[in-house]
Amino acid sequence: MNKVSSASRSKLHYGWVIAVCCMFISGGGIGILVNTLGIFIKPVSTSLGLPRAEFSLVTSLSSFATMLTYSYWGRHIAKHSIRKTMIVTGALMSLLIVMYSFCTQIWQFYVCALLLGSMTGSMSILPVTTLINRWFDASRGTATGISSCGSGLAMFIIPAVSAIIVNYGWRKAYVFVGIMLFLLVEVVAVFFLRDQPEDKGLKAYGVGESAISSEKKLTGISLKEAKHTTSFKLVVFVAVISALCNTAITHHVYAYVSDLGFSAAFASIMSSLQMGAMMCSKLIIGVILDRVGMKIGLWISIFGYFMAAACLLAGKFAVAFVVAAVVCAGIGAAMPAMSVAYSLRRLYGSKEYSTIAGFTLSFTFLGNTIGTSMSGAIYDATGNYDLSWIIIMASSVLMLVILSLALKAHAREGIEEKLVG
């Protein structure tokens with residue numbers, strides 16, 4: 001019963017189609033919702049006469065609302081169709097981004113941001129990795145890398161958004177972003193996405209072809225059990241710090257490069273380069289997670305953050321440091337979503353993966369909230385971002401220490417014995 005027919009092996013398993021679908025979904029839910037909206041901080045703040053910290057609260061409030069609702073979406077997608085959920089929330093979220101273009105007061109931005117954030121969990125790394133866990137029994141790290149690298153699709157959108165802002169204004173740019181989100185998500189969800197292999201008369205990729213049969217899949221522990229372990233508490237803390245580092249850089253790098261005296265076109269190229277580096281790094285780290293190990297993949301991302309911050313500090317001296325910084329920031333960006341999500345299944349199993357991932361990743365949005373506002377507040381107080389980059393370097397070292405402690409605690413807690421049913 002667990003054997004896959006030779007006919008099934010001869011053609012591409014639909015799981016890889018799902019991985020590509022998830023790439024476009026993460027391109028909308030992360031690439032657009034998170035990675036492009038930082039471009040608006042400087043032009044909208046300047047246009048409306050607002051401090052950067054005050055307008056940075058738009059993305060911070062959105063992240064805060066996501067944090068509060070993320071666990072709900074974890075429970076929701078465990079019981080309901082991910083495809084149908086995305087069709088509905090994708091349309092609503094696209095409309096809310098367009099609504100930004102009509103805002104004239106800061107409180108209006110805040111209301112839209114809260115509503116937008118409350119639905120972001122339905123179209124984030126959580127449903128993406130849940131789909132990958134359903135569709136893949138083998139090559140899960142590689143599939144996770146493919147699905148997550150869609151967040152780097154912003155590299156193609158950022159120059160267009162920047163050009164629209166320069167030539168037509170930020171209001172029309174918001175309309176463009178909303179339309180792009182709608183097209184990316186709705187087309188994929190309606191025509192190609194399927195919730196589980198059984199919907200296509202298939203089994204998960206690798207079942208029947210590996211030593212792990214469908215009756216011997218990883219089981220693991222529950223969220224309640226995980227919460228009582230030291231390792232889980234430390235992993236959650238690492239997730240928060242990694243997200244703080246990510247948004248502290250990503251949401252302000254465009255403004256930072258512009259402040260150095262470079263043109264808007266060059267700043268958008270640097271933002272795009274960061275997204276491109278993130279896309280490539282997620283693919284490569286996904287393979288590393290499969291073939292080399294979880295620890296190495298996590299270490300690479302942490303080192304990326306440290307080097308990004310160090311190069312940003314030196315960016316005022318040479319443009320080469322700016323280029324190196326955005327590439328390293330792209331490498332680090334694999335950490336808060338893809339690498340953490342993959343590690344949760346490796347450390348705690350599949351028994352309650354959606355619930356555990358929903359709980360853990362909700363805290364990454366706390367990090368998002370802190371990181372974006374922190375960099376904005378530091379700029380307003382000091383006139384530059386130097387202190388932000390120093391904090392990120394220190395945070396990278398702290399992450400490495402806490403991660404090492406988490407893995408040692410996990411080994412002592414005897415969870416490995418519960419991961420095989």
# chains A, B, ... in the order shown; residues from 1 in each chain; ligands from 1
>>> residues_around(residues="Ile77 in chain A", least_positions_apart="5", cutoff="12 Å", atoms="only C-alpha atoms", output="ChimeraX atom specification")
/A:70-72,82-86,121-124,126-131,195-196,352-355,357-358
>>> write_last_selection(atoms="N, CA and C atoms", output="PDB file, in the first residue's frame")
ATOM      1  N   TYR A  70      -1.921  35.372  15.331  1.00  0.00           N
ATOM      2  CA  TYR A  70      -1.202  34.294  14.640  1.00  0.00           C
ATOM      3  C   TYR A  70      -1.570  32.920  15.165  1.00  0.00           C
ATOM      4  N   SER A  71      -1.689  32.797  16.484  1.00  0.00           N
ATOM      5  CA  SER A  71      -2.056  31.495  17.061  1.00  0.00           C
ATOM      6  C   SER A  71      -3.446  31.068  16.590  1.00  0.00           C
ATOM      7  N   TYR A  72      -4.345  32.058  16.448  1.00  0.00           N
ATOM      8  CA  TYR A  72      -5.677  31.736  15.921  1.00  0.00           C
ATOM      9  C   TYR A  72      -5.573  31.129  14.526  1.00  0.00           C
ATOM     10  N   ILE A  82      -6.878  25.659   3.757  1.00  0.00           N
ATOM     11  CA  ILE A  82      -5.949  26.774   3.577  1.00  0.00           C
ATOM     12  C   ILE A  82      -6.268  27.501   2.280  1.00  0.00           C
ATOM     13  N   ARG A  83      -6.592  26.747   1.249  1.00  0.00           N
ATOM     14  CA  ARG A  83      -6.877  27.327  -0.073  1.00  0.00           C
ATOM     15  C   ARG A  83      -8.062  28.289  -0.004  1.00  0.00           C
ATOM     16  N   LYS A  84      -9.161  27.858   0.574  1.00  0.00           N
ATOM     17  CA  LYS A  84     -10.348  28.711   0.653  1.00  0.00           C
ATOM     18  C   LYS A  84     -10.094  29.933   1.529  1.00  0.00           C
ATOM     19  N   THR A  85      -9.349  29.732   2.607  1.00  0.00           N
ATOM     20  CA  THR A  85      -9.021  30.843   3.495  1.00  0.00           C
ATOM     21  C   THR A  85      -8.236  31.922   2.753  1.00  0.00           C
ATOM     22  N   MET A  86      -7.234  31.475   1.975  1.00  0.00           N
ATOM     23  CA  MET A  86      -6.401  32.435   1.246  1.00  0.00           C
ATOM     24  C   MET A  86      -7.177  33.189   0.169  1.00  0.00           C
ATOM     25  N   GLY A 121      -1.585  36.389   9.160  1.00  0.00           N
ATOM     26  CA  GLY A 121      -1.264  35.014   9.523  1.00  0.00           C
ATOM     27  C   GLY A 121      -1.830  33.979   8.584  1.00  0.00           C
ATOM     28  N   SER A 122      -2.867  34.339   7.834  1.00  0.00           N
ATOM     29  CA  SER A 122      -3.483  33.395   6.891  1.00  0.00           C
ATOM     30  C   SER A 122      -2.680  33.271   5.611  1.00  0.00           C
ATOM     31  N   MET A 123      -1.669  34.140   5.435  1.00  0.00           N
ATOM     32  CA  MET A 123      -0.929  34.172   4.182  1.00  0.00           C
ATOM     33  C   MET A 123       0.553  34.394   4.459  1.00  0.00           C
ATOM     34  N   SER A 124       1.082  33.628   5.397  1.00  0.00           N
ATOM     35  CA  SER A 124       2.445  33.834   5.856  1.00  0.00           C
ATOM     36  C   SER A 124       3.211  32.529   5.791  1.00  0.00           C
ATOM     37  N   LEU A 126       3.474  30.428   8.049  1.00  0.00           N
ATOM     38  CA  LEU A 126       2.743  29.375   8.763  1.00  0.00           C
ATOM     39  C   LEU A 126       1.942  28.484   7.822  1.00  0.00           C
ATOM     40  N   PRO A 127       1.006  28.999   7.010  1.00  0.00           N
ATOM     41  CA  PRO A 127       0.301  28.114   6.084  1.00  0.00           C
ATOM     42  C   PRO A 127       1.221  27.518   5.028  1.00  0.00           C
ATOM     43  N   VAL A 128       2.254  28.263   4.642  1.00  0.00           N
ATOM     44  CA  VAL A 128       3.195  27.754   3.637  1.00  0.00           C
ATOM     45  C   VAL A 128       3.919  26.513   4.155  1.00  0.00           C
ATOM     46  N   THR A 129       4.493  26.588   5.355  1.00  0.00           N
ATOM     47  CA  THR A 129       5.215  25.433   5.890  1.00  0.00           C
ATOM     48  C   THR A 129       4.265  24.298   6.269  1.00  0.00           C
ATOM     49  N   THR A 130       3.032  24.634   6.645  1.00  0.00           N
ATOM     50  CA  THR A 130       2.043  23.589   6.917  1.00  0.00           C
ATOM     51  C   THR A 130       1.748  22.799   5.650  1.00  0.00           C
ATOM     52  N   LEU A 131       1.590  23.497   4.532  1.00  0.00           N
ATOM     53  CA  LEU A 131       1.376  22.818   3.255  1.00  0.00           C
ATOM     54  C   LEU A 131       2.576  21.951   2.879  1.00  0.00           C
ATOM     55  N   ASP A 195      -5.016  21.528  -0.788  1.00  0.00           N
ATOM     56  CA  ASP A 195      -4.712  21.466   0.636  1.00  0.00           C
ATOM     57  C   ASP A 195      -3.843  20.281   1.036  1.00  0.00           C
ATOM     58  N   GLN A 196      -4.027  19.150   0.398  1.00  0.00           N
ATOM     59  CA  GLN A 196      -3.294  17.958   0.801  1.00  0.00           C
ATOM     60  C   GLN A 196      -3.178  16.976  -0.365  1.00  0.00           C
ATOM     61  N   GLU A 352       1.684  18.356  16.523  1.00  0.00           N
ATOM     62  CA  GLU A 352       0.924  19.611  16.578  1.00  0.00           C
ATOM     63  C   GLU A 352       1.720  20.719  15.902  1.00  0.00           C
ATOM     64  N   TYR A 353       2.253  20.413  14.711  1.00  0.00           N
ATOM     65  CA  TYR A 353       3.149  21.375  14.071  1.00  0.00           C
ATOM     66  C   TYR A 353       2.481  22.731  13.855  1.00  0.00           C
ATOM     67  N   SER A 354       1.270  22.748  13.285  1.00  0.00           N
ATOM     68  CA  SER A 354       0.615  24.027  12.988  1.00  0.00           C
ATOM     69  C   SER A 354       0.411  24.856  14.251  1.00  0.00           C
ATOM     70  N   THR A 355       0.036  24.189  15.335  1.00  0.00           N
ATOM     71  CA  THR A 355      -0.207  24.896  16.594  1.00  0.00           C
ATOM     72  C   THR A 355       1.101  25.421  17.185  1.00  0.00           C
ATOM     73  N   ALA A 357       3.945  25.955  15.541  1.00  0.00           N
ATOM     74  CA  ALA A 357       4.492  26.981  14.644  1.00  0.00           C
ATOM     75  C   ALA A 357       3.704  28.284  14.782  1.00  0.00           C
ATOM     76  N   GLY A 358       2.380  28.181  14.886  1.00  0.00           N
ATOM     77  CA  GLY A 358       1.561  29.371  15.043  1.00  0.00           C
ATOM     78  C   GLY A 358       1.910  30.139  16.304  1.00  0.00           C
TER      79      GLY A 358
END
>>> residues_around(residues="range 256-264 of chain A", least_positions_apart="5", cutoff="12 Å", atoms="only C-alpha atoms", output="PyMOL selection string")
chain A and resi 38-43+52+158-167+248-251+269-271+312-319+321-323+325-326+375-376+379+383-386+388-389
>>> write_last_selection(atoms="N, CA and C atoms", output="CSV table (one decimal), in the first residue's frame")
chain,number,residue,atom,x,y,z
A,38,GLY,N,8.3,49.0,3.5
A,38,GLY,CA,9.4,49.8,4.1
A,38,GLY,C,9.8,51.0,3.2
A,39,ILE,N,9.6,50.8,1.9
A,39,ILE,CA,9.9,51.8,0.9
A,39,ILE,C,9.1,53.1,1.1
A,40,PHE,N,7.9,52.9,1.7
A,40,PHE,CA,7.0,54.1,1.9
A,40,PHE,C,7.4,55.0,3.1
A,41,ILE,N,8.3,54.5,4.0
A,41,ILE,CA,8.5,55.2,5.2
A,41,ILE,C,9.0,56.6,5.0
A,42,LYS,N,10.0,56.8,4.2
A,42,LYS,CA,10.6,58.1,3.9
A,42,LYS,C,9.6,59.0,3.1
A,43,PRO,N,9.1,58.5,1.9
A,43,PRO,CA,8.3,59.4,1.1
A,43,PRO,C,7.0,59.8,1.8
A,52,ARG,N,9.7,59.8,11.3
A,52,ARG,CA,9.8,58.5,10.8
A,52,ARG,C,9.3,57.5,11.8
A,158,ILE,N,10.1,46.1,-6.1
A,158,ILE,CA,10.6,47.3,-5.4
A,158,ILE,C,11.0,48.3,-6.4
A,159,PRO,N,11.8,48.0,-7.5
A,159,PRO,CA,12.1,49.1,-8.4
A,159,PRO,C,10.9,49.8,-9.1
A,160,ALA,N,9.9,48.9,-9.4
A,160,ALA,CA,8.6,49.5,-9.9
A,160,ALA,C,7.9,50.4,-8.9
A,161,VAL,N,7.9,50.0,-7.7
A,161,VAL,CA,7.2,50.8,-6.6
A,161,VAL,C,8.0,52.1,-6.5
A,162,SER,N,9.3,52.0,-6.4
A,162,SER,CA,10.1,53.2,-6.3
A,162,SER,C,9.9,54.2,-7.4
A,163,ALA,N,9.8,53.6,-8.6
A,163,ALA,CA,9.6,54.5,-9.8
A,163,ALA,C,8.3,55.1,-9.8
A,164,ILE,N,7.3,54.4,-9.4
A,164,ILE,CA,5.9,55.0,-9.3
A,164,ILE,C,5.9,56.1,-8.3
A,165,ILE,N,6.5,55.9,-7.1
A,165,ILE,CA,6.6,56.9,-6.1
A,165,ILE,C,7.2,58.2,-6.6
A,166,VAL,N,8.3,58.0,-7.3
A,166,VAL,CA,9.1,59.2,-7.8
A,166,VAL,C,8.3,59.9,-8.9
A,167,ASN,N,7.6,59.2,-9.8
A,167,ASN,CA,6.9,59.8,-11.0
A,167,ASN,C,5.5,60.1,-10.8
A,248,ALA,N,14.5,45.6,11.5
A,248,ALA,CA,15.3,46.8,11.8
A,248,ALA,C,16.1,47.2,10.6
A,249,ILE,N,16.5,46.2,9.8
A,249,ILE,CA,17.3,46.5,8.6
A,249,ILE,C,16.4,46.7,7.4
A,250,THR,N,15.6,45.7,7.1
A,250,THR,CA,14.8,45.6,5.9
A,250,THR,C,13.9,46.8,5.7
A,251,HIS,N,13.2,47.2,6.8
A,251,HIS,CA,12.2,48.3,6.6
A,251,HIS,C,12.9,49.7,6.6
A,269,ILE,N,17.6,49.7,-6.0
A,269,ILE,CA,18.4,48.6,-6.4
A,269,ILE,C,19.0,47.9,-5.3
A,270,MET,N,19.4,48.6,-4.2
A,270,MET,CA,20.0,48.0,-3.0
A,270,MET,C,18.9,47.2,-2.3
A,271,SER,N,17.7,47.7,-2.2
A,271,SER,CA,16.6,47.0,-1.6
A,271,SER,C,16.3,45.7,-2.4
A,312,LEU,N,26.8,47.9,7.4
A,312,LEU,CA,26.0,49.1,7.4
A,312,LEU,C,26.7,50.2,8.1
A,313,LEU,N,27.3,49.9,9.2
A,313,LEU,CA,28.1,50.8,10.0
A,313,LEU,C,29.2,51.5,9.1
A,314,ALA,N,29.8,50.7,8.3
A,314,ALA,CA,30.9,51.1,7.4
A,314,ALA,C,30.4,51.7,6.1
A,315,GLY,N,29.1,51.7,5.9
A,315,GLY,CA,28.5,52.1,4.6
A,315,GLY,C,28.8,53.5,4.2
A,316,LYS,N,29.0,54.4,5.2
A,316,LYS,CA,29.2,55.8,4.9
A,316,LYS,C,30.6,56.0,4.4
A,317,PHE,N,31.5,55.0,4.4
A,317,PHE,CA,32.9,55.2,4.0
A,317,PHE,C,33.1,54.7,2.5
A,318,ALA,N,32.3,53.7,2.1
A,318,ALA,CA,32.4,53.2,0.7
A,318,ALA,C,31.2,52.4,0.3
A,319,VAL,N,30.8,52.6,-0.9
A,319,VAL,CA,29.6,52.0,-1.4
A,319,VAL,C,29.7,50.4,-1.4
A,321,PHE,N,30.7,48.6,1.0
A,321,PHE,CA,30.1,48.1,2.2
A,321,PHE,C,28.6,48.1,2.2
A,322,VAL,N,28.0,49.0,1.5
A,322,VAL,CA,26.5,49.0,1.4
A,322,VAL,C,26.1,47.8,0.6
A,323,VAL,N,26.7,47.5,-0.5
A,323,VAL,CA,26.4,46.3,-1.3
A,323,VAL,C,26.6,45.0,-0.5
A,325,ALA,N,26.5,44.8,2.7
A,325,ALA,CA,25.5,44.8,3.8
A,325,ALA,C,24.2,44.2,3.4
A,326,VAL,N,23.7,44.7,2.2
A,326,VAL,CA,22.3,44.2,1.8
A,326,VAL,C,22.4,42.7,1.4
A,375,SER,N,14.4,51.2,15.0
A,375,SER,CA,15.3,51.9,14.0
A,375,SER,C,14.7,53.3,13.7
A,376,GLY,N,13.4,53.4,13.6
A,376,GLY,CA,12.8,54.7,13.3
A,376,GLY,C,13.0,55.7,14.5
A,379,TYR,N,16.7,56.8,14.6
A,379,TYR,CA,17.0,57.8,13.6
A,379,TYR,C,16.4,59.2,14.0
A,383,GLY,N,19.6,61.2,14.4
A,383,GLY,CA,19.8,61.6,13.0
A,383,GLY,C,20.5,60.6,12.1
A,384,ASN,N,20.7,59.4,12.7
A,384,ASN,CA,21.3,58.3,11.9
A,384,ASN,C,20.9,57.0,12.5
A,385,TYR,N,21.4,55.9,11.8
A,385,TYR,CA,21.0,54.6,12.2
A,385,TYR,C,22.1,53.8,12.9
A,386,ASP,N,23.2,54.5,13.2
A,386,ASP,CA,24.4,53.7,13.8
A,386,ASP,C,24.1,52.9,15.0
A,388,SER,N,21.3,51.5,15.8
A,388,SER,CA,20.6,50.3,15.4
A,388,SER,C,21.5,49.2,14.9
A,389,TRP,N,22.5,49.6,14.1
A,389,TRP,CA,23.4,48.5,13.6
A,389,TRP,C,24.2,47.9,14.7
>>> closest_atom_pairs(of="range 311-384 of chain A", to="range 24-31 of chain A", cutoff="12 Å", atoms="only C-alpha atoms", output="CSV")
residue,atom,partner,partner_atom,distance
A:Ala333,CA,A:Ile30,CA,11.3
A:Ala334,CA,A:Ile30,CA,12.0
A:Pro336,CA,A:Ile30,CA,11.8
A:Ala337,CA,A:Ile30,CA,9.7
A:Met338,CA,A:Ser26,CA,10.7
A:Phe365,CA,A:Ile30,CA,12.0
>>> residues_around(residues="Cys328 in chain A", least_positions_apart="3", cutoff="10 Å", atoms="only C-alpha atoms", output="short mmCIF file (atom, residue, chain, number, x, y, z; two decimals) with N, CA, C and O atoms, in the first residue's frame")
data_model
loop_
_atom_site.label_atom_id
_atom_site.label_comp_id
_atom_site.auth_asym_id
_atom_site.auth_seq_id
_atom_site.Cartn_x
_atom_site.Cartn_y
_atom_site.Cartn_z
N GLN A 274 18.93 43.08 -1.81
CA GLN A 274 18.70 42.37 -0.55
C GLN A 274 17.66 41.28 -0.73
O GLN A 274 17.83 40.16 -0.25
N ALA A 277 19.21 38.41 -2.68
CA ALA A 277 20.09 37.62 -1.83
C ALA A 277 19.28 36.73 -0.88
O ALA A 277 19.64 35.58 -0.62
N MET A 278 18.17 37.27 -0.39
CA MET A 278 17.30 36.48 0.49
C MET A 278 16.70 35.30 -0.26
O MET A 278 16.65 34.18 0.26
N SER A 281 19.49 32.76 -0.76
CA SER A 281 19.93 32.17 0.51
C SER A 281 18.91 31.17 1.04
O SER A 281 19.28 30.14 1.61
N ILE A 300 24.51 30.08 9.77
CA ILE A 300 24.77 30.90 8.58
C ILE A 300 23.90 32.16 8.61
O ILE A 300 24.36 33.27 8.32
N SER A 301 22.61 32.00 8.95
CA SER A 301 21.71 33.15 8.99
C SER A 301 22.13 34.15 10.06
O SER A 301 22.11 35.37 9.83
N ILE A 302 22.51 33.66 11.23
CA ILE A 302 22.93 34.55 12.31
C ILE A 302 24.18 35.33 11.91
O ILE A 302 24.28 36.55 12.15
N PHE A 303 25.13 34.65 11.29
CA PHE A 303 26.34 35.32 10.84
C PHE A 303 26.01 36.39 9.79
O PHE A 303 26.64 37.45 9.75
N GLY A 304 25.00 36.11 8.96
CA GLY A 304 24.56 37.08 7.97
C GLY A 304 24.10 38.38 8.61
O GLY A 304 24.44 39.48 8.15
N TYR A 305 23.33 38.28 9.69
CA TYR A 305 22.88 39.48 10.41
C TYR A 305 24.06 40.28 10.94
O TYR A 305 24.11 41.51 10.84
N PHE A 306 25.01 39.59 11.57
CA PHE A 306 26.16 40.27 12.17
C PHE A 306 26.94 41.03 11.11
O PHE A 306 27.27 42.21 11.30
N MET A 307 27.23 40.38 10.00
CA MET A 307 28.02 41.02 8.95
C MET A 307 27.23 42.14 8.27
O MET A 307 27.82 43.16 7.88
N ALA A 308 25.92 41.98 8.15
CA ALA A 308 25.10 43.05 7.56
C ALA A 308 25.19 44.31 8.39
O ALA A 308 25.39 45.42 7.86
N ALA A 309 25.04 44.17 9.71
CA ALA A 309 25.10 45.34 10.59
C ALA A 309 26.48 45.98 10.58
O ALA A 309 26.62 47.21 10.57
N ALA A 310 27.53 45.14 10.57
CA ALA A 310 28.89 45.67 10.55
C ALA A 310 29.15 46.47 9.27
O ALA A 310 29.75 47.55 9.29
N CYS A 311 28.68 45.94 8.14
CA CYS A 311 28.88 46.63 6.86
C CYS A 311 28.02 47.89 6.75
O CYS A 311 28.44 48.87 6.13
N VAL A 322 27.98 49.02 1.49
CA VAL A 322 26.52 49.03 1.36
C VAL A 322 26.07 47.80 0.60
O VAL A 322 25.11 47.11 0.99
N VAL A 323 26.75 47.50 -0.50
CA VAL A 323 26.41 46.32 -1.30
C VAL A 323 26.57 45.05 -0.48
O VAL A 323 25.69 44.17 -0.45
N ALA A 324 27.69 44.93 0.23
CA ALA A 324 27.93 43.75 1.07
C ALA A 324 26.88 43.64 2.17
O ALA A 324 26.41 42.54 2.50
N ALA A 325 26.47 44.79 2.72
CA ALA A 325 25.49 44.79 3.80
C ALA A 325 24.15 44.23 3.36
O ALA A 325 23.54 43.40 4.05
N ILE A 331 20.90 37.16 3.48
CA ILE A 331 21.24 35.84 4.04
C ILE A 331 20.62 35.68 5.43
O ILE A 331 20.05 34.64 5.76
N GLY A 332 20.70 36.72 6.24
CA GLY A 332 20.12 36.66 7.57
C GLY A 332 18.61 36.51 7.56
O GLY A 332 18.03 35.89 8.45
N ALA A 333 17.98 37.06 6.52
CA ALA A 333 16.51 37.07 6.46
C ALA A 333 15.90 35.68 6.36
O ALA A 333 14.69 35.52 6.55
#
>>> atom_distance(atom1="CA of Ala138 in chain A", atom2="CA of Val207 in chain A")
7.5 Å
>>> select_by_dssp(residues="range 38-249 of chain A", states="alpha helix (DSSP H)", output="ChimeraX atom specification")
/A:41-48,52-79,82-100,106-120,125-135,140-148,154-168,170-191,223-227,230-249
>>> closest_residue(among="A:Thr382, A:Ser45, A:Ser60, A:Thr372", to="Asn246 in chain A", atoms="only C-alpha atoms")
A:Thr372
>>> closest_residue(among="A:Met275, A:Val397, A:Ile87, A:Ile356", to="Ser222 in chain A", atoms="only C-alpha atoms")
A:Ile356
>>> atom_distance(atom1="CA of Trp16 in chain A", atom2="CA of Arg346 in chain A")
20.8 Å
>>> atom_distance(atom1="CA of Ala113 in chain A", atom2="CA of Tyr168 in chain A")
22.9 Å
>>> closest_residue(among="A:Arg412, A:Lys233, A:Gly117, A:Cys21", to="Ala143 in chain A", atoms="only C-alpha atoms")
A:Cys21
>>> closest_residue(among="A:Leu57, A:Ala204, A:Leu244, A:His228", to="Trp107 in chain A", atoms="only C-alpha atoms")
A:Leu57
>>> closest_residue(among="A:Leu153, A:Leu183, A:Val292, A:Leu407", to="Thr36 in chain A", atoms="only C-alpha atoms")
A:Leu153
>>> residues_around(residues="Leu114 in chain A", least_positions_apart="6", cutoff="8 Å", atoms="only C-alpha atoms", output="list in words")
Leu61, Ser62, Phe64 and Ala65 of chain A
>>> closest_residue(among="A:Gly201, A:Gly367, A:Gly90, A:Gly330", to="Leu283 in chain A", atoms="only C-alpha atoms")
A:Gly330
